[in-house]
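Novice: Got a structure for you, target31.cif, holding mmCIF, C-alpha atoms and all ligand atoms.
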```
data_entry
#
loop_
_atom_site.label_atom_id
_atom_site.label_comp_id
_atom_site.auth_asym_id
_atom_site.auth_seq_id
_atom_site.Cartn_x
_atom_site.Cartn_y
_atom_site.Cartn_z
CA MET A 1 -5.21 246.30 308.92
CA PHE A 2 -1.49 245.63 309.22
CA LYS A 3 0.80 245.16 306.23
CA PRO A 4 1.51 241.42 306.03
CA LEU A 5 5.12 240.54 306.86
CA ILE A 6 7.28 237.55 305.97
CA ALA A 7 9.74 236.53 308.69
CA PRO A 8 12.17 233.74 307.71
CA SER A 9 13.20 231.61 310.69
CA ILE A 10 16.98 231.20 310.78
CA LEU A 11 16.49 227.79 312.39
CA SER A 12 16.59 226.43 308.84
CA ALA A 13 19.40 228.70 307.60
CA ASP A 14 22.94 227.56 306.84
CA PHE A 15 24.67 228.18 310.19
CA ALA A 16 28.11 227.88 308.58
CA ARG A 17 27.43 231.04 306.57
CA LEU A 18 24.68 232.65 308.63
CA GLY A 19 25.45 236.33 307.96
CA GLN A 20 25.42 235.81 304.20
CA ASP A 21 22.28 233.65 304.34
CA VAL A 22 20.43 236.32 306.36
CA ASP A 23 21.64 239.00 303.92
CA ASP A 24 20.37 236.84 301.06
CA VAL A 25 16.81 236.39 302.43
CA LEU A 26 16.56 240.11 303.19
CA ALA A 27 17.74 240.99 299.68
CA ALA A 28 15.15 238.50 298.41
CA GLY A 29 12.31 240.45 300.05
CA ALA A 30 12.02 239.19 303.65
CA ASP A 31 10.59 241.87 305.94
CA LEU A 32 12.36 240.84 309.16
CA ILE A 33 14.28 237.91 310.64
CA HIS A 34 12.83 235.39 313.11
CA PHE A 35 14.98 233.82 315.85
CA ASP A 36 13.85 230.53 317.39
CA VAL A 37 15.62 230.30 320.74
CA MET A 38 15.45 226.80 322.27
CA ASP A 39 16.93 225.76 325.62
CA ASN A 40 16.61 221.95 325.64
CA HIS A 41 14.45 222.37 328.76
CA TYR A 42 11.23 224.16 327.83
CA VAL A 43 11.51 222.42 324.43
CA PRO A 44 13.47 219.26 323.55
CA ASN A 45 15.99 221.00 321.29
CA LEU A 46 18.87 223.45 321.59
CA SER A 47 19.45 226.27 319.12
CA PHE A 48 21.31 229.54 319.78
CA GLY A 49 21.54 232.45 322.19
CA PRO A 50 22.04 236.23 322.25
CA MET A 51 25.64 236.02 320.94
CA ILE A 52 24.27 235.09 317.52
CA CYS A 53 21.98 238.12 317.61
CA SER A 54 24.81 240.52 318.46
CA ALA A 55 27.07 238.84 315.87
CA LEU A 56 24.47 239.50 313.16
CA ARG A 57 24.13 243.13 314.29
CA LYS A 58 27.94 243.50 314.13
CA TYR A 59 27.93 241.88 310.70
CA GLY A 60 25.62 244.69 309.57
CA ILE A 61 22.09 243.27 309.68
CA SER A 62 19.81 246.25 310.35
CA ALA A 63 16.41 244.60 309.73
CA ASP A 64 14.13 243.92 312.69
CA ILE A 65 15.04 240.79 314.64
CA ASP A 66 12.01 239.00 316.06
CA VAL A 67 13.09 236.77 318.96
CA HIS A 68 10.86 233.87 320.01
CA LEU A 69 12.01 232.55 323.38
CA MET A 70 11.20 228.87 323.85
CA VAL A 71 12.93 228.90 327.22
CA THR A 72 12.22 228.91 330.92
CA PRO A 73 12.85 231.03 332.92
CA VAL A 74 12.49 234.01 330.60
CA ASP A 75 13.63 237.23 332.29
CA ASP A 76 17.40 236.81 332.04
CA LEU A 77 17.24 236.02 328.32
CA ILE A 78 14.80 238.90 327.68
CA GLU A 79 17.47 241.29 329.01
CA ARG A 80 20.32 239.64 327.15
CA PHE A 81 18.50 239.55 323.80
CA ALA A 82 17.39 243.16 324.20
CA GLU A 83 21.01 244.15 324.81
CA ALA A 84 22.10 242.03 321.82
CA GLY A 85 19.89 243.96 319.41
CA ALA A 86 16.46 242.26 319.38
CA SER A 87 13.60 244.42 318.06
CA MET A 88 10.71 242.19 319.16
CA ILE A 89 10.64 239.52 321.89
CA SER A 90 7.95 236.94 322.55
CA PHE A 91 7.81 234.26 325.22
CA HIS A 92 5.37 231.62 326.45
CA PRO A 93 3.05 232.53 329.34
CA GLU A 94 3.52 229.19 331.10
CA ALA A 95 7.32 229.68 330.96
CA ALA A 96 7.19 233.00 332.84
CA MET A 97 6.98 233.15 336.62
CA HIS A 98 5.34 236.60 336.64
CA LEU A 99 3.68 237.26 333.30
CA ASP A 100 2.93 240.96 333.69
CA ARG A 101 6.42 241.68 335.03
CA SER A 102 8.08 239.93 332.07
CA ILE A 103 5.89 241.84 329.60
CA GLU A 104 6.93 245.11 331.25
CA LEU A 105 10.56 244.00 331.17
CA VAL A 106 10.47 243.61 327.38
CA LYS A 107 8.82 247.02 327.00
CA SER A 108 11.31 248.68 329.34
CA HIS A 109 14.04 247.80 326.85
CA GLY A 110 12.15 249.45 323.98
CA CYS A 111 11.35 246.13 322.26
CA LYS A 112 7.95 245.10 320.95
CA VAL A 113 6.40 242.41 323.13
CA GLY A 114 4.46 239.29 322.24
CA LEU A 115 3.10 236.18 323.89
CA ALA A 116 3.47 232.82 322.18
CA LEU A 117 0.72 230.22 322.49
CA ASN A 118 1.32 226.53 321.79
CA PRO A 119 -1.30 224.52 319.88
CA GLY A 120 -2.70 223.18 323.17
CA THR A 121 -2.66 226.53 325.00
CA GLY A 122 -5.93 228.45 325.14
CA LEU A 123 -6.55 232.10 324.31
CA HIS A 124 -7.61 232.63 327.94
CA GLU A 125 -3.90 233.10 328.72
CA LEU A 126 -4.30 236.53 327.08
CA ASP A 127 -7.23 237.58 329.31
CA HIS A 128 -5.52 240.20 331.45
CA VAL A 129 -2.64 241.20 329.20
CA LEU A 130 -3.82 241.39 325.58
CA HIS A 131 -4.04 245.20 325.72
CA LYS A 132 -0.33 245.36 326.64
CA LEU A 133 0.90 243.31 323.69
CA ASP A 134 2.21 244.29 320.26
CA HIS A 135 1.70 240.80 318.86
CA VAL A 136 0.46 237.31 319.69
CA LEU A 137 2.44 234.42 318.24
CA ILE A 138 0.20 231.48 317.44
CA MET A 139 2.25 228.30 317.23
CA SER A 140 0.81 226.12 314.49
CA VAL A 141 3.14 223.22 315.39
CA ASN A 142 4.36 222.00 318.76
CA PRO A 143 7.51 224.00 319.48
CA GLY A 144 10.98 222.52 319.18
CA PHE A 145 11.65 221.66 315.55
CA GLY A 146 11.41 223.15 312.08
CA GLY A 147 9.90 221.25 309.20
CA GLN A 148 6.72 220.00 310.92
CA ALA A 149 3.24 219.93 309.38
CA PHE A 150 0.83 222.83 310.02
CA ILE A 151 -1.84 221.91 312.62
CA GLU A 152 -5.19 222.67 310.98
CA HIS A 153 -7.12 223.68 314.10
CA SER A 154 -4.82 226.71 314.35
CA ILE A 155 -7.07 228.37 311.75
CA GLU A 156 -10.07 228.52 314.13
CA LYS A 157 -7.83 229.84 316.91
CA ILE A 158 -6.52 232.64 314.67
CA LYS A 159 -10.08 233.59 313.64
CA THR A 160 -11.22 233.72 317.29
CA LEU A 161 -8.20 235.78 318.30
CA LYS A 162 -8.70 238.20 315.40
CA SER A 163 -12.36 238.78 316.43
CA ARG A 164 -11.31 239.31 320.00
CA ILE A 165 -8.66 241.89 319.05
CA ASP A 166 -11.08 243.72 316.73
CA GLU A 167 -13.94 243.72 319.23
CA ALA A 168 -11.65 245.21 321.87
CA GLY A 169 -10.49 247.87 319.37
CA LEU A 170 -6.85 246.87 319.91
CA SER A 171 -3.92 247.08 317.55
CA VAL A 172 -2.20 243.73 318.05
CA ARG A 173 -0.52 241.77 315.28
CA ILE A 174 -1.15 238.04 314.86
CA GLU A 175 2.02 236.12 314.01
CA VAL A 176 1.82 232.49 312.95
CA ASP A 177 4.73 230.08 313.22
CA GLY A 178 5.06 226.47 312.10
CA GLY A 179 4.47 224.64 308.84
CA ILE A 180 3.72 227.81 306.85
CA ASN A 181 4.19 227.37 303.10
CA ALA A 182 2.62 228.27 299.75
CA SER A 183 -0.18 225.72 300.20
CA ASN A 184 -1.60 227.24 303.41
CA ILE A 185 -0.42 230.86 303.76
CA ALA A 186 -3.46 232.37 301.99
CA GLN A 187 -5.86 230.53 304.30
CA VAL A 188 -3.87 231.67 307.36
CA ARG A 189 -3.94 235.28 306.09
CA LYS A 190 -7.69 235.05 305.51
CA ALA A 191 -8.17 233.84 309.08
CA GLY A 192 -6.61 237.09 310.32
CA ALA A 193 -2.83 236.61 310.61
CA ASP A 194 -0.49 239.35 309.42
CA MET A 195 3.00 238.06 310.25
CA PHE A 196 4.18 234.76 308.80
CA VAL A 197 7.19 232.84 310.05
CA ALA A 198 8.59 230.36 307.56
CA GLY A 199 11.79 228.38 308.00
CA SER A 200 12.05 225.28 305.83
CA ALA A 201 9.66 226.65 303.17
CA ILE A 202 12.17 229.44 302.46
CA PHE A 203 15.65 228.23 303.40
CA ASN A 204 15.20 224.80 301.83
CA THR A 205 14.59 226.34 298.41
CA GLU A 206 17.18 227.35 295.81
CA ASN A 207 15.73 230.72 294.86
CA TYR A 208 14.73 232.79 297.93
CA ALA A 209 13.41 235.70 295.86
CA HIS A 210 11.10 233.41 293.92
CA THR A 211 9.82 231.71 297.10
CA ILE A 212 9.30 234.91 299.10
CA GLY A 213 7.74 236.62 296.07
CA LYS A 214 5.26 233.77 295.74
CA LEU A 215 4.39 233.82 299.48
CA LYS A 216 3.88 237.61 299.32
CA GLN A 217 1.69 237.31 296.26
CA LEU A 218 -0.52 234.80 298.10
CA ILE A 219 -1.12 237.15 301.04
CA SER A 220 -1.43 240.48 299.24
O1 LIG B 301 9.68 227.62 316.02
C1 LIG B 301 9.37 226.67 315.38
C2 LIG B 301 9.34 225.35 315.99
O2 LIG B 301 9.58 225.51 317.33
C3 LIG B 301 8.93 226.83 313.96
O3 LIG B 301 8.14 225.85 313.57
C4 LIG B 301 10.01 227.12 313.00
O4 LIG B 301 10.68 228.28 313.27
C5 LIG B 301 9.45 227.33 311.62
O5 LIG B 301 9.87 226.31 310.91
P1 LIG B 301 9.06 225.70 309.69
O6 LIG B 301 8.63 226.86 308.86
O7 LIG B 301 10.08 224.84 309.02
O8 LIG B 301 7.90 224.98 310.28
#
```
Kindly present the structure from the file in C-alpha cells form.
Ligand SMILES: O=C(CO)[C@H](O)[C@H](O)COP(=O)(O)O

Specialist:
Amino acid sequence: MFKPLIAPSILSADFARLGQDVDDVLAAGADLIHFDVMDNHYVPNLSFGPMICSALRKYGISADIDVHLMVTPVDDLIERFAEAGASMISFHPEAAMHLDRSIELVKSHGCKVGLALNPGTGLHELDHVLHKLDHVLIMSVNPGFGGQAFIEHSIEKIKTLKSRIDEAGLSVRIEVDGGINASNIAQVRKAGADMFVAGSAIFNTENYAHTIGKLKQLIS
C-alpha cells in the first residue's frame, strides 16, 4: 500500500508569482507538484513548457515535479522535460507513435513513467505495458481545463485498475486528476487511488495548509 500523496496542479496557481506560490503549497504540506502541459493540439488549451520547470528548479524547488504531457507528439517534450528537472512524466497512449519506445525513453532519463487515460479511454491500453509503469494517471475529467466536475464513472475504472494491479502482483501507483476536492477524495482513495492531483480545490482557497490538511485527513 502506497502512502497517499497530494499533488497540487500549478494550472490553478498564480503565474505572476509562481515560485512563491509553489513554495507556499509545499510549505503547507503538498507532497509534490503537478505540471499540466497543454499544447493547443492534443487538448484545446495552451499552458506552459519545460522552461517553467527549469525556472522552478533554479528558483530552488527541490520537491518532485510530476509532469503530465497533454501533447502530441510526445518524445521531444519527454526529453526536454527530463532535462529541465522533471521527476515523473506521464503521457497519453493515443498521443504516442510508439508506446513502448516512449515509455523506455522516460525511463532512460531516470524519471518515473506513467500513462494517462482519458475518461473515454479503456484500461486495455495498459495490456502490454502495465508492468513497465510506475503509475497510471486516471483522468476524471476530459483533459484541457482546470475547475471541471469529477466524472463519477471514474470510480469503477479506478477499482478495476486497482484489482488488476494487485492480481498481477505489481507495484504501480494510481494517480487521479480532475475535479478532486474534499467532497470526493475519500471515495477516490477507497476505490484504490494513492496520488491525488488537485488544482482549483487548493489554489482557489485562502489557506493552503488548512485545505491540504483537510484533504490529507480524508485519505489517511
Ligand atoms: O489536467 C487537468 C485538466 O486537463 C486537471 O483537471 C487539472 O490539473 C486539475 O484541476 P482541477 O483540480 O481544478 O480539476

Novice: Would you mind telling me which residue in A:Met1, A:Ile202, A:Ala149, A:Leu11 lies nearest to A:Ile165 when using all atoms listed in the file?

Specialist: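 Nearest to A:Ile165: A:Met1.
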
Novice: For stretch 15-20 of chain A, please output as a list of chain:residue names all residues within 12 Å (counting all atoms listed in the file; exclusion window: fewer than 2 positions along the same chain).

Specialist: A:Ser9, A:Ile10, A:Leu11, A:Ser12, A:Ala13, A:Val22, A:Asp23, A:Asp24, A:Val25, A:Leu26, A:Ala27, A:Ile33, A:Ser47, A:Phe48, A:Ile52, A:Cys53, A:Ser54, A:Ala55, A:Leu56, A:Arg57, A:Lys58, A:Tyr59, A:Gly60, A:Ile61, A:Ser62, A:Phe203

Novice: Store the residues of this selection in a file with C-alpha atoms, as an mmCIF file, in the coordinates of the input.

Specialist:
```cif
data_model
loop_
_atom_site.group_PDB
_atom_site.id
_atom_site.type_symbol
_atom_site.label_atom_id
_atom_site.label_comp_id
_atom_site.auth_asym_id
_atom_site.auth_seq_id
_atom_site.Cartn_x
_atom_site.Cartn_y
_atom_site.Cartn_z
ATOM 1 C CA SER A 9 13.200 231.610 310.690
ATOM 2 C CA ILE A 10 16.980 231.200 310.780
ATOM 3 C CA LEU A 11 16.490 227.790 312.390
ATOM 4 C CA SER A 12 16.590 226.430 308.840
ATOM 5 C CA ALA A 13 19.400 228.700 307.600
ATOM 6 C CA VAL A 22 20.430 236.320 306.360
ATOM 7 C CA ASP A 23 21.640 239.000 303.920
ATOM 8 C CA ASP A 24 20.370 236.840 301.060
ATOM 9 C CA VAL A 25 16.810 236.390 302.430
ATOM 10 C CA LEU A 26 16.560 240.110 303.190
ATOM 11 C CA ALA A 27 17.740 240.990 299.680
ATOM 12 C CA ILE A 33 14.280 237.910 310.640
ATOM 13 C CA SER A 47 19.450 226.270 319.120
ATOM 14 C CA PHE A 48 21.310 229.540 319.780
ATOM 15 C CA ILE A 52 24.270 235.090 317.520
ATOM 16 C CA CYS A 53 21.980 238.120 317.610
ATOM 17 C CA SER A 54 24.810 240.520 318.460
ATOM 18 C CA ALA A 55 27.070 238.840 315.870
ATOM 19 C CA LEU A 56 24.470 239.500 313.160
ATOM 20 C CA ARG A 57 24.130 243.130 314.290
ATOM 21 C CA LYS A 58 27.940 243.500 314.130
ATOM 22 C CA TYR A 59 27.930 241.880 310.700
ATOM 23 C CA GLY A 60 25.620 244.690 309.570
ATOM 24 C CA ILE A 61 22.090 243.270 309.680
ATOM 25 C CA SER A 62 19.810 246.250 310.350
ATOM 26 C CA PHE A 203 15.650 228.230 303.400
#
```

Novice: Taking all atoms listed in the file and a cut-off of 6 Å, can you tell me which residues surround ligand LIG 301 (chain B), written as number ranges by chain?

Specialist: A: 9, 11, 36, 141, 143-148, 177-180, 198-201

Novice: Can you work out which one of A:Ile65, A:Met38, A:Val74, A:Leu105 has the shortest atom-to-atom distance to A:Pro93, counting only C-alpha atoms?

Specialist: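 Once distances to A:Pro93 are computed over only C-alpha atoms, the minimum belongs to A:Val74.
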
Novice: For the point (11.5, 237.6, 308.5) in file coordinates, what residues are within 7 Å, counting all atoms listed in the file? Give the answer as a PDB file with C-alpha atoms, in the coordinates of the input?

Specialist:
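Resulting contents of result_28.pdb:
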```pdb
ATOM      1  CA  ILE A   6       7.280 237.550 305.970  1.00  0.00           C
ATOM      2  CA  ALA A   7       9.740 236.530 308.690  1.00  0.00           C
ATOM      3  CA  PRO A   8      12.170 233.740 307.710  1.00  0.00           C
ATOM      4  CA  SER A   9      13.200 231.610 310.690  1.00  0.00           C
ATOM      5  CA  ALA A  30      12.020 239.190 303.650  1.00  0.00           C
ATOM      6  CA  ASP A  31      10.590 241.870 305.940  1.00  0.00           C
ATOM      7  CA  LEU A  32      12.360 240.840 309.160  1.00  0.00           C
ATOM      8  CA  ILE A  33      14.280 237.910 310.640  1.00  0.00           C
ATOM      9  CA  HIS A  34      12.830 235.390 313.110  1.00  0.00           C
ATOM     10  CA  VAL A 197       7.190 232.840 310.050  1.00  0.00           C
TER      11      VAL A 197
END
```

Novice: So, counting only C-alpha atoms, which residue among A:Lys159, A:Lys132, A:Arg101, A:Lys3 is closest to A:Lys190?

Specialist: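 Closest residue, counting only C-alpha atoms: A:Lys159.
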
Novice: If we count all atoms listed in the file and set the cut-off at 8 Å, which residues sit around stretch 106-119 of chain A, ignoring sequence neighbours fewer than 6 positions away in its own chain? Please answer as a PyMOL selection string.

Specialist: chain A and resi 68+78-79+82+86-93+133-143+151+154

Novice: Counting all atoms listed in the file, which residue out of A:Val37, A:Met51, A:Ala28, A:Ala95 sits closest to A:Tyr208?

Specialist: A:Ala28

Novice: Please report the interatomic distance between atom CA of A:Thr121 and atom CA of A:Ser163 in Å with one decimal.

Specialist: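 These two atoms are separated by 17.8 Å.
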
Novice: With only C-alpha atoms as the basis for distance, which of A:Met195, A:Ala186, A:Leu5, A:Ala96 is at the shortest distance from A:Leu69?

Specialist: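 Answer, going by the shortest atom-to-atom distance: A:Ala96.
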
Novice: Quick check, in Å to one decimal: how far apart do atom CA of A:Asp76 and atom CA of A:Val129 lie?

Specialist: 20.7 Å

Novice: What does the structure give for the distance between atom CA of A:Leu46 and atom CA of A:Asp75, in Å to one decimal?

Specialist: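 Value for the atom CA of A:Leu46-atom CA of A:Asp75 distance: 18.2 Å.
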
Novice: Can you list, as a PyMOL selection string, every protein, DNA or RNA residue that comes within 12 Å of A:Ala182 when you count all atoms listed in the file, leaving out same-chain residues fewer than 5 positions away?

Specialist: chain A and resi 150+187-189+196+198+200-202+210-219

Novice: Mind dumping the selected residues with C-alpha atoms as a CSV table (one decimal), in the coordinates of the input?

Specialist:
```
chain,number,residue,atom,x,y,z
A,150,PHE,CA,0.8,222.8,310.0
A,187,GLN,CA,-5.9,230.5,304.3
A,188,VAL,CA,-3.9,231.7,307.4
A,189,ARG,CA,-3.9,235.3,306.1
A,196,PHE,CA,4.2,234.8,308.8
A,198,ALA,CA,8.6,230.4,307.6
A,200,SER,CA,12.0,225.3,305.8
A,201,ALA,CA,9.7,226.6,303.2
A,202,ILE,CA,12.2,229.4,302.5
A,210,HIS,CA,11.1,233.4,293.9
A,211,THR,CA,9.8,231.7,297.1
A,212,ILE,CA,9.3,234.9,299.1
A,213,GLY,CA,7.7,236.6,296.1
A,214,LYS,CA,5.3,233.8,295.7
A,215,LEU,CA,4.4,233.8,299.5
A,216,LYS,CA,3.9,237.6,299.3
A,217,GLN,CA,1.7,237.3,296.3
A,218,LEU,CA,-0.5,234.8,298.1
A,219,ILE,CA,-1.1,237.2,301.0
```
